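Chemist: Below are the structure tokens for one structure; questions will follow.
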Amino acid sequence: MKNKSLLILLLCIVTSGLFAQGIRDNNQTTAEENQLPLRRVVILTSGLSYYEHSDSVNGPVAYNLPFRLNTINDALKTLIINDPASANPSVAYQSERTLVETLRSLSIDLSDSPDMATILSRLRGVEAEITVKNATTAFTGRIVGIEYRQVSGSMFTETRQPWLTINTREGIRSFHLEDLMSIKFSDPAIERDLNRSLDIIAASRNSFTRQLLVNLPGTTRRNVSISYVIPSPVWKVSYRLDLGAQTPLFQGWAIIDNDSDTDWNNVELSLVAGRPASFIQELYPPYYVRRPVLPLAIAGTVEGVTHDRAVPTVAPSPAPVVRTQNDMMRAESLMMETEDNSWSGLGYSPEGPAYNLGGGTVQTASGSDAGGQFEFTIRNPVNLNRRMSAMFPLVESAIDARSTLIYNGSGRFPRIGAEITNTSGMKLPAGPITVYDGGVYAGDALIEFWNENEKRLISFGEDLSVTASRNDTSTRFVSTVRVSGGIMTITRDLTHIRTYTFINSSSASKQLIVEHTKTAQTNLVSPPSDDDTTSAYRFNVTLPANQSTVLTVNERRPIQETIVLLNQRPDILLSYSTNQEIPANVRQALTRAVELRRAVDTADASVRDIEAQRNRLISDQDRIRRNLEAAGNQTPQGQEYLRRLVSLDSEIDTMAANLQNANNTARAARTAYENYINTLSL
């Protein structure tokens, strides 16, 4: 504790001023002297917010912009400076890794939070002036080092306490650190480094905040602005719908969270609904590129290399126009300039009407398109303290609404709902709707992004006085049969019939919208739909009081079957020719095809029989010839074998002729069958 108090004493006696962390002139106005007011905030539904600071300034100025660590990358990526009088604005900041490295590079290293003894030990050889308790004069000398001496504590313990050793004109002297009153270093550079270390530590004492120092070295009076985009909570919306009013009224409220470290005082607040592309890139931490290690050029030998031939020279292209950063900023500023000559990244819109609810007037937001998105601007300046949330009127309008029941084919009871049309003149983001009817709470509904003049259905409960059921049946029949090029195409229609039955047990007639889910590759036959969505047909049904109502939806789906006739067996062709679903002319043609195919099969069977007989005779001939060689042609047995060989040769010759005739017949039958099938067109 004593060493800690001495360190505090040392830090308090430094005499130099704070060292600015950035690049600025000595006569610049610092951020501590003048803050650039926050003028405009635009919150997007993509989790980002646009902040714009602006004011009239005179001469060179510098502003410190604090950012939380998780927002610094977005701030560096999106920061825009608009200063018409500054030719070379700059932004300086201490990067993540260089905070510690900078502290280590100074002559007094405070990077590891050292104690007094460690600091003085690191300053060996430095000249210092020290003041000691009960001494009338100060001592000046060079620091030799720190030594630790054993000091008896209690009966069983001993402690080691630091002593400072300095070399004075009177010789080497030692002082207990507890006796030191002050230390002053003779070298001004050490004093400056000590103050700079303290500045860095003070600036980074909040590990979650980083500072960007924006320097604007202008010389005249002008209007400047600094803007950036950082992550923020998504703004929310909640709606109210009064169906019980003479004219249905629709009201929306925006819910805003100021999670920043800045109070919003008279800030113009805009809310943008849309989904712009956005990403995070690590721009804040330093990146180092690995480089190869090469041997010294003075050592070693030269390797043999080859060189490619030269490419013909191409005439150089005109040099591009080089523009400075300030030129680009000014050009962008002129393009984004609004009617009142104030720079803005988003447009403004004329004010819309205000509606009177409950005897009061509610000032809602004005809306306008903004680069493919939709922007709401709160009419009056907003005041919202940091870490606070608020609700602001977003929209209020009379709309077209019709109460109805909604049934989507699931559940026992249809849902209570309404068909509403957005006649507010605004594109409204998705959100919950609290519905009131007859002056009481009726339920909650949800709605997706709601475009202008778009009709939507919402539901907020179940009607227990109406019960619903459904029944499904399916049939399949042949609709068309086509034969062309040897291919028969059979088209069957799969008919799906769904019957909805509704029983209205109440004493009042009711309107119902049935949402019938669409099926891929299926066509609606009856009844015609009253409205379509991408996924369902909608049918309007009237439910009389104390009656049941039936809705029958008929859909048809074509299914095609392709048959290559030449590859089919006769029994398959016969099954198609006897199928009564197939037209009579097609069945008659298939019957003729069966006859021709049977003729082909019969001819092929005859060929196979003759080939089998011929092969059997050839086999007998080979066997007798071997027996003849064994018996000899002069023996009686050999003479018998010779007579049998001559007889077999005659039979084989006859079989060859028969086989030739059978092959001709089979080819003719197959040709007739193929020509009939290929030329058949029905």
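All residue names refer to the structure tokens as shown: chains lettered A, B, ... in order, residues numbered from 1 in each chain, ligands numbered from 1 in order.
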Please, which residues in region 23-125 of chain A fall within 8 Å of region 255-269 of chain A when counting only C-alpha atoms, and what is the closest atom pair and distance in Å to one decimal for each, ordered by chain then residue number, as a Markdown table?
Modeler:
```
| residue | atom | partner | partner_atom | distance |
| --- | --- | --- | --- | --- |
| A:Leu38 | CA | A:Val267 | CA | 6.7 |
| A:Arg39 | CA | A:Val267 | CA | 4.9 |
| A:Arg40 | CA | A:Glu268 | CA | 4.6 |
| A:Val41 | CA | A:Leu269 | CA | 5.0 |
| A:Val42 | CA | A:Leu269 | CA | 5.9 |
| A:Ile43 | CA | A:Leu269 | CA | 7.9 |
```
Chemist: I want to know what sits within 10 Å of Gly461 (chain A), based on only C-alpha atoms, with residues of the same chain fewer than 2 positions away left out; could you give that as a PyMOL selection string?
Modeler: chain A and resi 405-406+413-417+442-445+458-459+463-464
Chemist: What lies within 9 Å of Arg597 (chain A) using only C-alpha atoms, ignoring chain neighbours under 2 positions off, as a PyMOL selection string?
Modeler: chain A and resi 566+569-570+592-595+599-602+669-670+673
Chemist: Could you please take those selected residues and save C-alpha atoms as a PDB file, in the first residue's frame?
Modeler:
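After the write, result04.pdb holds the following:
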```
ATOM      1  CA  LEU A 566     -41.952 -51.875 -80.372  1.00  0.00           C
ATOM      2  CA  ARG A 569     -44.561 -58.061 -75.318  1.00  0.00           C
ATOM      3  CA  PRO A 570     -47.783 -59.253 -76.967  1.00  0.00           C
ATOM      4  CA  ARG A 592     -53.833 -55.432 -85.249  1.00  0.00           C
ATOM      5  CA  ALA A 593     -50.437 -54.753 -83.692  1.00  0.00           C
ATOM      6  CA  VAL A 594     -50.872 -57.807 -81.461  1.00  0.00           C
ATOM      7  CA  GLU A 595     -51.566 -59.963 -84.549  1.00  0.00           C
ATOM      8  CA  ALA A 599     -46.650 -63.362 -86.510  1.00  0.00           C
ATOM      9  CA  VAL A 600     -43.169 -62.061 -85.776  1.00  0.00           C
ATOM     10  CA  ASP A 601     -42.863 -64.275 -82.722  1.00  0.00           C
ATOM     11  CA  THR A 602     -44.117 -67.326 -84.700  1.00  0.00           C
ATOM     12  CA  ALA A 669     -42.927 -60.313 -90.541  1.00  0.00           C
ATOM     13  CA  ARG A 670     -40.749 -57.989 -88.401  1.00  0.00           C
ATOM     14  CA  TYR A 673     -44.762 -55.105 -87.746  1.00  0.00           C
TER      15      TYR A 673
END
```
Chemist: When DSSP works through the backbone of this structure, what residues of region 410-636 of chain A end up as strand (DSSP E or B), shown as number ranges by chain?
Modeler: A: 415-421, 428, 431-437, 440-447, 450, 455-462, 466-484, 487-504, 510-517, 523-526, 531-532, 536-543, 547-564
Chemist: I'd like to know which of A:Val481, A:Pro527, A:Thr542, A:Ser474 is closest to Ile503 (chain A), using only C-alpha atoms.
Modeler: A:Thr542
